[in-house]
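J.: A single structure is presented below for examination.
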2 protein chains.
Amino acid sequence: MERLKDKIRDIPDFPKPGVIFKDITPLVKDPATLRLTVNQLIHPFLGKRTFNAVAGMEARGFIFGSLVAWELGLPFIPLRKPGKLPYDVQSVSYDLEYGSAALEAHIDSFNTRDKVLLIDDLLATGGTAKASCELVEKLGATVEACAFVIELDFLKGRDKLEGYEIHTLLHY
Amino acid sequence: MERLKDKIRDIPDFPKPGVIFKDITPLVKDPATLRLTVNQLIHPFLGKRTFNAVAGMEARGFIFGSLVAWELGLPFIPLRKPGKLPYDVQSVSYDLEYGSAALEAHIDSFNTRDKVLLIDDLLATGGTAKASCELVEKLGATVEACAFVIELDFLKGRDKLEGYEIHTLLHY
């Protein structure tokens, strides 16, 4: 995983003072490391492959999510910010430090028996991830596992996702 | 291409009355058709492979762009909406029907000799695509070609991209 960590760039004070942002653009710019990343994201699930759809959160989750879906030969379902999806949507709101946000998915995103693998680049406070799980479930499907490239352990996002299987490649 | 068209859903009056939105979510939900789409996006360039990086526009361009880069084994460079990228950025503004928008990329996105394939799902008025070309060039690289899943011919976006090689799978 050191090779992977080498491709994550620390940006101090972004998006606000005191925060160290984990920049994944060097990683997606390096085909060999990106391949390693996607393979590692998939790896723990290869034996059991109980899921049949992959969902990714806008926008960086679209990169990793669509690659994971592609490699597994599964449908990719985009979970989007409000107002972006053109068809009828289901929506889940969640609290941010200041204000609130929401995620949306088309009402026909899943079949009722779908078991879903959720993919995002980062597990931070867990707000977006938890909302994504709720959204998948509101749409009648089941969250089989969540996989992230990076987890910020000190933010304890994992606690918000109790009951879900979580897989993370890099811990900070 | 009929098989591909079957997976594009028309949504009338989105995002505003009179517009028919081309919804690509059924396409990314169908692994076989998505594979056909990505293969067709790449196809005209396979013989000449003169480019060495793939750029995709936020957010749907992240899906198709990262898959094209993956298949070609090339770096993927995200072109993002303002304020999203954490490192130093180059920016290009462009006019919309009402107001304006901008695209950003990290200043170290490309090497000076990079030849870039630009990928997005849709060529409409060409504003975003033109700005993307300018952004790549501002960063010292060259746009080798632009490829889109869908082109709305009646909006004449292609005229804005004169001098660039354009490849589109579906025309409406």
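Ordered as shown in the structure tokens, chains take letters A, B, and onward, while each chain numbers its residues from 1 and ligands are numbered from 1 in the order shown.
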Select, as a JSON list (two decimals) with N, CA, C and O atoms, in the first residue's frame, those residues of chain B with any atom no more than 6 Å from chain A (distances computed using only C-alpha atoms).
T.:
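The resulting file, iface-v7.json, is reproduced below:
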```
[["chain", "number", "residue", "atom", "x", "y", "z"],
["B", 28, "VAL", "N", -25.17, 3.20, -18.53],
["B", 28, "VAL", "CA", -24.12, 2.80, -17.59],
["B", 28, "VAL", "C", -24.58, 1.67, -16.67],
["B", 28, "VAL", "O", -23.78, 1.04, -15.99],
["B", 29, "LYS", "N", -25.89, 1.43, -16.69],
["B", 29, "LYS", "CA", -26.46, 0.33, -15.89],
["B", 29, "LYS", "C", -26.39, -1.00, -16.64],
["B", 29, "LYS", "O", -26.71, -2.04, -16.08],
["B", 30, "ASP", "N", -26.04, -0.94, -17.92],
["B", 30, "ASP", "CA", -26.02, -2.16, -18.74],
["B", 30, "ASP", "C", -24.57, -2.48, -19.15],
["B", 30, "ASP", "O", -24.03, -1.87, -20.09],
["B", 31, "PRO", "N", -23.93, -3.40, -18.45],
["B", 31, "PRO", "CA", -22.48, -3.63, -18.67],
["B", 31, "PRO", "C", -22.11, -3.94, -20.12],
["B", 31, "PRO", "O", -21.10, -3.43, -20.61],
["B", 59, "ALA", "N", -19.56, 15.93, -14.54],
["B", 59, "ALA", "CA", -19.34, 14.72, -13.79],
["B", 59, "ALA", "C", -19.52, 13.47, -14.64],
["B", 59, "ALA", "O", -18.84, 12.48, -14.44],
["B", 62, "PHE", "N", -16.56, 11.88, -16.18],
["B", 62, "PHE", "CA", -15.68, 11.08, -15.32],
["B", 62, "PHE", "C", -15.92, 9.59, -15.54],
["B", 62, "PHE", "O", -15.00, 8.78, -15.45],
["B", 63, "ILE", "N", -17.17, 9.23, -15.80],
["B", 63, "ILE", "CA", -17.51, 7.81, -16.00],
["B", 63, "ILE", "C", -16.89, 7.32, -17.31],
["B", 63, "ILE", "O", -16.11, 6.38, -17.32],
["B", 66, "SER", "N", -12.84, 7.94, -17.50],
["B", 66, "SER", "CA", -11.97, 7.04, -16.73],
["B", 66, "SER", "C", -11.98, 5.64, -17.33],
["B", 66, "SER", "O", -10.95, 4.95, -17.32],
["B", 73, "GLY", "N", -4.92, 2.24, -20.96],
["B", 73, "GLY", "CA", -3.76, 2.25, -20.06],
["B", 73, "GLY", "C", -3.10, 3.62, -19.97],
["B", 73, "GLY", "O", -1.88, 3.73, -19.85],
["B", 74, "LEU", "N", -3.92, 4.67, -20.04],
["B", 74, "LEU", "CA", -3.39, 6.04, -20.04],
["B", 74, "LEU", "C", -3.82, 6.80, -18.78],
["B", 74, "LEU", "O", -4.80, 6.43, -18.13],
["B", 75, "PRO", "N", -3.10, 7.87, -18.43],
["B", 75, "PRO", "CA", -3.51, 8.71, -17.30],
["B", 75, "PRO", "C", -4.90, 9.29, -17.51],
["B", 75, "PRO", "O", -5.26, 9.65, -18.65],
["B", 76, "PHE", "N", -5.68, 9.41, -16.43],
["B", 76, "PHE", "CA", -6.96, 10.10, -16.51],
["B", 76, "PHE", "C", -6.85, 11.44, -15.77],
["B", 76, "PHE", "O", -6.43, 11.50, -14.62]]
```
J.: Using DSSP secondary structure from the backbone, list all alpha helix (DSSP H) positions within segment 75-153 of chain A, as a list of chain:residue names.
T.: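 For segment 75-153 of chain A, the alpha helix (DSSP H) set is A:Gly127, A:Thr128, A:Ala129, A:Lys130, A:Ala131, A:Ser132, A:Cys133, A:Glu134, A:Leu135, A:Val136, A:Glu137, A:Lys138.
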J.: If you keep all heavy atoms, can you produce a file of those selected residues as a short mmCIF file (atom, residue, chain, number, x, y, z; two decimals), in the first residue's frame?
T.:
```cif
data_model
loop_
_atom_site.label_atom_id
_atom_site.label_comp_id
_atom_site.auth_asym_id
_atom_site.auth_seq_id
_atom_site.Cartn_x
_atom_site.Cartn_y
_atom_site.Cartn_z
N GLY A 127 -21.02 10.91 6.69
CA GLY A 127 -22.33 11.47 6.35
C GLY A 127 -22.82 11.06 4.97
O GLY A 127 -23.94 10.59 4.79
N THR A 128 -21.95 11.24 3.97
CA THR A 128 -22.31 10.89 2.60
C THR A 128 -22.51 9.38 2.45
O THR A 128 -23.45 8.93 1.79
CB THR A 128 -21.19 11.35 1.62
OG1 THR A 128 -20.91 12.72 1.85
CG2 THR A 128 -21.62 11.15 0.18
N ALA A 129 -21.64 8.62 3.09
CA ALA A 129 -21.74 7.16 2.98
C ALA A 129 -23.03 6.63 3.60
O ALA A 129 -23.72 5.79 3.04
CB ALA A 129 -20.52 6.51 3.64
N LYS A 130 -23.35 7.18 4.79
CA LYS A 130 -24.57 6.75 5.46
C LYS A 130 -25.80 7.10 4.63
O LYS A 130 -26.72 6.29 4.45
CB LYS A 130 -24.65 7.42 6.84
CG LYS A 130 -25.83 7.01 7.70
CD LYS A 130 -25.68 5.59 8.19
CE LYS A 130 -26.95 5.00 8.79
NZ LYS A 130 -27.62 5.86 9.76
N ALA A 131 -25.81 8.32 4.07
CA ALA A 131 -26.93 8.74 3.22
C ALA A 131 -27.04 7.85 1.98
O ALA A 131 -28.14 7.50 1.54
CB ALA A 131 -26.74 10.21 2.80
N SER A 132 -25.89 7.43 1.45
CA SER A 132 -25.89 6.56 0.28
C SER A 132 -26.51 5.20 0.62
O SER A 132 -27.28 4.65 -0.17
CB SER A 132 -24.46 6.34 -0.22
OG SER A 132 -23.88 7.57 -0.57
N CYS A 133 -26.18 4.67 1.78
CA CYS A 133 -26.76 3.40 2.22
C CYS A 133 -28.27 3.53 2.34
O CYS A 133 -29.03 2.67 1.88
CB CYS A 133 -26.17 2.96 3.56
SG CYS A 133 -24.43 2.49 3.47
N GLU A 134 -28.69 4.62 2.96
CA GLU A 134 -30.14 4.84 3.14
C GLU A 134 -30.85 4.97 1.79
O GLU A 134 -31.96 4.47 1.61
CB GLU A 134 -30.39 6.11 3.96
CG GLU A 134 -30.08 5.93 5.44
CD GLU A 134 -30.18 7.25 6.23
OE1 GLU A 134 -30.75 8.22 5.70
OE2 GLU A 134 -29.66 7.30 7.35
N LEU A 135 -30.18 5.64 0.86
CA LEU A 135 -30.77 5.84 -0.47
C LEU A 135 -30.96 4.50 -1.18
O LEU A 135 -32.03 4.21 -1.74
CB LEU A 135 -29.87 6.77 -1.28
CG LEU A 135 -30.32 7.19 -2.67
CD1 LEU A 135 -31.73 7.79 -2.64
CD2 LEU A 135 -29.33 8.19 -3.27
N VAL A 136 -29.93 3.67 -1.13
CA VAL A 136 -30.02 2.34 -1.76
C VAL A 136 -31.17 1.54 -1.15
O VAL A 136 -31.96 0.91 -1.86
CB VAL A 136 -28.68 1.58 -1.59
CG1 VAL A 136 -28.83 0.11 -1.95
CG2 VAL A 136 -27.58 2.24 -2.42
N GLU A 137 -31.28 1.63 0.17
CA GLU A 137 -32.32 0.85 0.87
C GLU A 137 -33.72 1.41 0.61
O GLU A 137 -34.68 0.65 0.47
CB GLU A 137 -32.00 0.81 2.36
CG GLU A 137 -30.79 -0.08 2.64
CD GLU A 137 -30.13 0.16 3.99
OE1 GLU A 137 -30.61 1.04 4.73
OE2 GLU A 137 -29.14 -0.56 4.28
N LYS A 138 -33.83 2.74 0.55
CA LYS A 138 -35.12 3.35 0.22
C LYS A 138 -35.61 2.89 -1.15
O LYS A 138 -36.81 2.87 -1.43
CB LYS A 138 -34.95 4.88 0.17
CG LYS A 138 -35.48 5.63 1.38
CD LYS A 138 -35.37 7.13 1.13
CE LYS A 138 -36.36 7.93 1.95
NZ LYS A 138 -36.17 9.39 1.78
#
```
J.: So how far away is atom CA of Asn39 of chain B from atom CA of Ile150 of chain B, in Å?
T.: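 So the two atoms, atom CA of Ile150 of chain B and atom CA of Asn39 of chain B, lie 14.7 Å apart.
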J.: Determine which residues of chain B DSSP labels as strand (DSSP E or B) from the backbone of this structure, then write them out as a ChimeraX atom specification.
T.: /B:9-12,20-23,53-57,76-80,89-95,100-106,115-123,142-151,166-171
J.: At what distance in Å, to one decimal, does atom CA of Ile119 of chain A lie from atom CA of Thr50 of chain A?
T.: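 Atom CA of Ile119 of chain A lies 15.4 Å from atom CA of Thr50 of chain A.
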J.: Would you mind reading off the distance between atom CA of Asp120 of chain A and atom CA of Leu41 of chain A, one decimal, in Å?
T.: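 Between atom CA of Asp120 of chain A and atom CA of Leu41 of chain A the gap is 10.2 Å.
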J.: I'd like the neighbourhood of Leu170 of chain B as a list in words, where a residue qualifies if any of its atoms comes within 10 Å (using only C-alpha atoms), though same-chain residues fewer than 6 positions away should be ignored.
T.: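 In the requested form, the answer reads Met1, Glu2, Leu4, Lys5, Ile8, Leu122, Phe148, Val149, Ile150, Glu151, Leu152 and Asp153 of chain B.
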J.: Just want the 10 Å neighbourhood of Glu144 of chain B, counted on only C-alpha atoms, with same-chain residues fewer than 4 positions away dropped. Output as a list in words.
T.: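 Here the answer would be Phe45, Arg49, Thr50, Phe51, Asn52, Ala53, Val54, Asp114, Lys115, Val116, Leu117, Leu118, Cys133, Tyr164, Glu165 and Ile166 of chain B.
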J.: Would you mind telling me which residue in A:His167, A:Leu139, A:Gln90, A:Leu155 lies nearest to Gln40 of chain A when using only C-alpha atoms?
T.: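 Comparing A:His167, A:Leu139, A:Gln90, A:Leu155 against Gln40 of chain A, the winner is A:His167.
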J.: Using only C-alpha atoms, which protein or nucleic acid residues come within 10 Å of Arg3 of chain B? Drop anything in the same chain fewer than 6 positions from it, and give the result as a PDB file with N, CA, C and O atoms, in the first residue's frame.
T.:
```
ATOM      1  N   LEU B  27     -27.723   3.342 -19.841  1.00  0.00           N
ATOM      2  CA  LEU B  27     -26.527   2.844 -20.528  1.00  0.00           C
ATOM      3  C   LEU B  27     -25.453   2.393 -19.543  1.00  0.00           C
ATOM      4  O   LEU B  27     -24.872   1.301 -19.708  1.00  0.00           O
ATOM      5  N   THR B  33     -23.654  -3.060 -22.950  1.00  0.00           N
ATOM      6  CA  THR B  33     -23.783  -1.881 -23.808  1.00  0.00           C
ATOM      7  C   THR B  33     -22.736  -0.826 -23.439  1.00  0.00           C
ATOM      8  O   THR B  33     -22.207  -0.131 -24.316  1.00  0.00           O
ATOM      9  N   LEU B  36     -19.603  -1.907 -25.143  1.00  0.00           N
ATOM     10  CA  LEU B  36     -19.691  -1.548 -26.559  1.00  0.00           C
ATOM     11  C   LEU B  36     -19.425  -0.054 -26.762  1.00  0.00           C
ATOM     12  O   LEU B  36     -18.674   0.344 -27.669  1.00  0.00           O
ATOM     13  N   THR B  37     -19.994   0.759 -25.903  1.00  0.00           N
ATOM     14  CA  THR B  37     -19.844   2.217 -26.001  1.00  0.00           C
ATOM     15  C   THR B  37     -18.375   2.630 -25.868  1.00  0.00           C
ATOM     16  O   THR B  37     -17.859   3.403 -26.691  1.00  0.00           O
TER      17      THR B  37
END
```
